[in-house]
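S.K.: My questions will all concern the structure given below.
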Amino acid sequence: MELEQNVKKRKDFTLILSVIEMFLCNGVIYFTMLGNGAIVSKIFTTITVLSLLMFAKSCYNKYYILRLTLYITLYGILSILYSWYDFGRTMDPTMWVSFGTFMSTILYFAIASECEVKKKTAHFVLIGGIMSAFLYPFGYYILKLDTTGYLTLGFSNPNLTGMYIAQSMLYLLIGFFVIKKIRYKAILVILFVQNYQLLQKTEARNAIFVVLFAIVVSILAFIRNRKQYSKPLIYFISIFPFVFAMVYLYLINLIEKRNWFSFLVSEGKSLHSRQGIWMTVIGNLEGIHWLVGDYFRLRGNMHNTHMTLMGSYGIIGMLFIVYFMYYIMCTVNEKSKSYKQAICLIGFFGTIIMGMGEAALFYGSMGMYVMACSYLILARYNWDEDKVLEENDENSSDKYDIQGQEYRQKLNGDRPLF
């Protein structure tokens with residue numbers, strides 16, 4: 001009896017923290033739009049503390065992920081200390097803020113890949129993500145934010161705004177395939193269209209590309225009833241932003257190829273703006289700094305997740321994180337038992353792909369990693385066993401989905417999607 005009570009308490013602890021995290025994440029979006037940086041900073045501190053609590057709860061007995069996270073932490077600290085020693089200046093305490101954001105992201109990735117997800121937790125996470133999609137139309141149509149020029153809604157730049165809107169749209173996409181009630185599906189479609197119109201106003205084309213990519217892959221997963229993705233695809237996604245940067249730097253000087261990268265000039269920047277930033281990273285890494293990075297000189301937003309990681313922590317650090325992301329995605333992917341879980345994982349894929357034009361996932365984005373990891377949490381829950389989101393009346397699409405699923409299984413079997 002006592003054991004059952006302890007188990008129940010642990011489940012409630014995970015649920016409570018998940019609910020708090022999602023509301024805090026929505027708070028970051030809302031108060032950012034209002035321009036209240038002080039509250040946003042306090043929310044970020046709270047999220048960081050909660051990440052430590054959730055990591056202790058979810059991963060204390062997961063020895064491999066625990067060791068891997070510890071190795072990344074120690075490596076990051078040693079890399080920073082070496083850069084400080086080589087730089088030869090007084091250590092500034094504020095330099096650890098960026099490292100705190102980075103480690104919060106790593107902790108959340110580890111939590112999401114290992115935590116036990118129950119029905120209520122999955123429901124609250126999905127509802128919290130869908131709620132965030134109401135904030136952008138509210139800010140634009142009610143608060144009348146950014147009625148001219150590129151849409152920012154109070155964020156630092158339209159690319160970052162586009163990434164947040166895209167992430168909320170991915171929640172709507174997941175909800176469309178997960179929720180059975182047709183009237184709720186209709187609301188999600190309307191909200192999706194509204195947010196897509198705002199996304200176009202940001203002209204953040206990497207975010208637009210991710211949304212279109214997620215729609216296409218989700219439809220394929222649904223039609224073909226694919227439950228898992230191949231490991232080569234997962235590895236390619238984990239390293240994609242770096243591959244994109246290298247291809248960009250190689251092709252940017254070829255005049256006939258420049259139009260391929262037109263989406264990077266949506267803010268009125270020259271087509272070579274990313275080239276200058278990324279060449280700064282490559283040009284300033286000398287000697288051993290190629291391996292361990294130069295945190296003091298190259299710490300900052302390099303507008304690409306992997307280039308930012310390489311500048312701060314070197315090639316070793318970047319490859320360490322690539323393997324880490326590959327591992328957690330494979331962990332979640334292997335436990336997927338339905339196309340609905342596979343669609344949830346697409347949200348995380350999309351967040352990584354958006355890193356080709358912004359480094360917000362690892363640098364300077366308060367709350368974005370929470371939203372990204374929420375896709376992993378949703379992907380760990382078997383939605384086919386869920387009964388709360390179903391509707392046993394004539395308006396339910398469940399009976400049609402069951403018939404379609406049986407047909408898709410008969411037609412396609414259980415092969416991976418890619």
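Scheme for the structure tokens: letters A, B, ... for chains in order shown; per-chain residue numbers from 1; ligand numbers from 1 in order shown.
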So that each row is one residue of region 91-134 of chain A with an atom at most 9 Å from region 73-78 of chain A, can you give its shortest atom pair and the distance in Å to one decimal, using only C-alpha atoms, rows by chain and rising number, as CSV?
M.R.:
```
residue,atom,partner,partner_atom,distance
A:Phe99,CA,A:Gly76,CA,7.8
A:Met103,CA,A:Thr73,CA,7.1
A:Ile106,CA,A:Thr73,CA,9.0
```
S.K.: I need the residue nearest Gly350 (chain A) from this list: A:Ala207, A:Tyr229, A:Cys373, A:Thr308. Use only C-alpha atoms for the distance.
M.R.: A:Ala207
S.K.: Between CA of Gly300 (chain A) and CA of Asp86 (chain A), what is the distance in Å, rounded to a tenth?
M.R.: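 Rounded to one decimal, the two atoms are 18.2 Å apart.
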S.K.: Find, counting only C-alpha atoms, the residue in A:Val178, A:Leu34, A:Met279, A:Ile190 that gets nearest to Tyr381 (chain A).
M.R.: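 Going through A:Val178, A:Leu34, A:Met279, A:Ile190 one by one, the smallest distance to Tyr381 (chain A) is for A:Val178.
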S.K.: As a PDB file with C-alpha atoms, in the first residue's frame, please: every residue in region 165-281 of chain A that DSSP puts in alpha helix (DSSP H).
M.R.:
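The result, stored in part.pdb:
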```pdb
ATOM      1  CA  ILE A 165       4.922  30.539 -34.398  1.00  0.00           C
ATOM      2  CA  ALA A 166       6.103  27.479 -36.331  1.00  0.00           C
ATOM      3  CA  GLN A 167       6.529  25.493 -33.133  1.00  0.00           C
ATOM      4  CA  SER A 168       2.991  26.336 -32.030  1.00  0.00           C
ATOM      5  CA  MET A 169       1.716  25.351 -35.476  1.00  0.00           C
ATOM      6  CA  LEU A 170       3.402  21.975 -35.067  1.00  0.00           C
ATOM      7  CA  TYR A 171       1.337  21.456 -31.911  1.00  0.00           C
ATOM      8  CA  LEU A 172      -1.780  22.209 -33.938  1.00  0.00           C
ATOM      9  CA  LEU A 173      -0.685  19.710 -36.578  1.00  0.00           C
ATOM     10  CA  ILE A 174      -0.117  17.031 -33.932  1.00  0.00           C
ATOM     11  CA  GLY A 175      -3.464  17.812 -32.332  1.00  0.00           C
ATOM     12  CA  PHE A 176      -5.234  17.429 -35.676  1.00  0.00           C
ATOM     13  CA  PHE A 177      -4.034  13.843 -36.028  1.00  0.00           C
ATOM     14  CA  VAL A 178      -4.371  12.936 -32.344  1.00  0.00           C
ATOM     15  CA  ILE A 182     -14.300  16.687 -35.536  1.00  0.00           C
ATOM     16  CA  ARG A 183     -15.431  20.015 -34.052  1.00  0.00           C
ATOM     17  CA  TYR A 184     -12.061  20.351 -32.323  1.00  0.00           C
ATOM     18  CA  LYS A 185     -10.263  19.455 -35.533  1.00  0.00           C
ATOM     19  CA  ALA A 186     -12.142  22.307 -37.258  1.00  0.00           C
ATOM     20  CA  ILE A 187     -10.976  24.767 -34.583  1.00  0.00           C
ATOM     21  CA  LEU A 188      -7.392  23.586 -35.001  1.00  0.00           C
ATOM     22  CA  VAL A 189      -7.569  24.046 -38.782  1.00  0.00           C
ATOM     23  CA  ILE A 190      -8.896  27.603 -38.417  1.00  0.00           C
ATOM     24  CA  LEU A 191      -6.219  28.433 -35.867  1.00  0.00           C
ATOM     25  CA  PHE A 192      -3.574  26.836 -38.079  1.00  0.00           C
ATOM     26  CA  VAL A 193      -4.569  29.041 -41.020  1.00  0.00           C
ATOM     27  CA  GLN A 194      -4.525  32.167 -38.833  1.00  0.00           C
ATOM     28  CA  ASN A 195      -1.045  31.375 -37.545  1.00  0.00           C
ATOM     29  CA  TYR A 196       0.231  30.542 -41.008  1.00  0.00           C
ATOM     30  CA  GLN A 197      -0.863  33.969 -42.214  1.00  0.00           C
ATOM     31  CA  LEU A 198       1.131  35.543 -39.374  1.00  0.00           C
ATOM     32  CA  LEU A 199       4.081  33.277 -40.121  1.00  0.00           C
ATOM     33  CA  GLN A 200       4.153  34.580 -43.692  1.00  0.00           C
ATOM     34  CA  LYS A 201       4.292  38.149 -42.371  1.00  0.00           C
ATOM     35  CA  THR A 202       7.530  37.327 -40.543  1.00  0.00           C
ATOM     36  CA  ARG A 205      11.313  31.185 -44.669  1.00  0.00           C
ATOM     37  CA  ASN A 206      13.242  28.539 -42.801  1.00  0.00           C
ATOM     38  CA  ALA A 207      10.275  28.344 -40.379  1.00  0.00           C
ATOM     39  CA  ILE A 208       7.814  28.264 -43.303  1.00  0.00           C
ATOM     40  CA  PHE A 209       9.847  25.466 -44.881  1.00  0.00           C
ATOM     41  CA  VAL A 210       9.703  23.436 -41.660  1.00  0.00           C
ATOM     42  CA  VAL A 211       5.926  23.797 -41.385  1.00  0.00           C
ATOM     43  CA  LEU A 212       5.436  22.637 -44.981  1.00  0.00           C
ATOM     44  CA  PHE A 213       7.921  19.808 -44.416  1.00  0.00           C
ATOM     45  CA  ALA A 214       6.016  18.690 -41.301  1.00  0.00           C
ATOM     46  CA  ILE A 215       2.677  18.735 -43.152  1.00  0.00           C
ATOM     47  CA  VAL A 216       3.983  16.562 -45.989  1.00  0.00           C
ATOM     48  CA  VAL A 217       5.751  14.033 -43.753  1.00  0.00           C
ATOM     49  CA  SER A 218       2.765  13.853 -41.366  1.00  0.00           C
ATOM     50  CA  ILE A 219       0.398  13.086 -44.237  1.00  0.00           C
ATOM     51  CA  LEU A 220       2.777  10.384 -45.489  1.00  0.00           C
ATOM     52  CA  ALA A 221       3.020   8.878 -42.007  1.00  0.00           C
ATOM     53  CA  PHE A 222      -0.778   8.844 -41.737  1.00  0.00           C
ATOM     54  CA  ILE A 223      -1.457   7.397 -45.180  1.00  0.00           C
ATOM     55  CA  ARG A 224       1.230   4.744 -44.937  1.00  0.00           C
ATOM     56  CA  LYS A 231      18.332   5.618 -38.247  1.00  0.00           C
ATOM     57  CA  PRO A 232      20.118   7.169 -41.271  1.00  0.00           C
ATOM     58  CA  LEU A 233      17.307   9.729 -41.551  1.00  0.00           C
ATOM     59  CA  ILE A 234      17.538  10.532 -37.831  1.00  0.00           C
ATOM     60  CA  TYR A 235      21.305  10.960 -38.057  1.00  0.00           C
ATOM     61  CA  PHE A 236      20.974  13.231 -41.095  1.00  0.00           C
ATOM     62  CA  ILE A 237      18.449  15.429 -39.260  1.00  0.00           C
ATOM     63  CA  SER A 238      20.709  15.631 -36.195  1.00  0.00           C
ATOM     64  CA  ILE A 239      23.578  17.046 -38.289  1.00  0.00           C
ATOM     65  CA  PHE A 240      21.516  18.836 -40.968  1.00  0.00           C
ATOM     66  CA  PRO A 241      22.158  22.466 -39.856  1.00  0.00           C
ATOM     67  CA  PHE A 242      25.917  21.920 -40.110  1.00  0.00           C
ATOM     68  CA  VAL A 243      25.610  20.244 -43.517  1.00  0.00           C
ATOM     69  CA  PHE A 244      23.440  23.127 -44.700  1.00  0.00           C
ATOM     70  CA  ALA A 245      26.002  25.700 -43.541  1.00  0.00           C
ATOM     71  CA  MET A 246      28.842  23.913 -45.345  1.00  0.00           C
ATOM     72  CA  VAL A 247      26.842  23.585 -48.564  1.00  0.00           C
ATOM     73  CA  TYR A 248      25.845  27.248 -48.311  1.00  0.00           C
ATOM     74  CA  LEU A 249      29.449  28.414 -47.893  1.00  0.00           C
ATOM     75  CA  TYR A 250      30.523  26.295 -50.861  1.00  0.00           C
ATOM     76  CA  LEU A 251      27.768  27.383 -53.235  1.00  0.00           C
ATOM     77  CA  SER A 273      25.122  38.058 -44.420  1.00  0.00           C
ATOM     78  CA  ARG A 274      25.225  34.462 -43.222  1.00  0.00           C
ATOM     79  CA  GLN A 275      28.474  33.923 -45.080  1.00  0.00           C
ATOM     80  CA  GLY A 276      30.173  36.647 -43.039  1.00  0.00           C
ATOM     81  CA  ILE A 277      28.898  35.266 -39.741  1.00  0.00           C
ATOM     82  CA  TRP A 278      29.809  31.656 -40.429  1.00  0.00           C
ATOM     83  CA  MET A 279      33.203  32.517 -41.904  1.00  0.00           C
ATOM     84  CA  THR A 280      33.903  34.417 -38.679  1.00  0.00           C
ATOM     85  CA  VAL A 281      33.562  31.138 -36.817  1.00  0.00           C
TER      86      VAL A 281
END
```
S.K.: Provide the CA of Leu376 (chain A) to CA of Ile316 (chain A) distance in Å, to one decimal place.
M.R.: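 Computing the Euclidean distance for CA of Leu376 (chain A) and CA of Ile316 (chain A) yields 25.4 Å.
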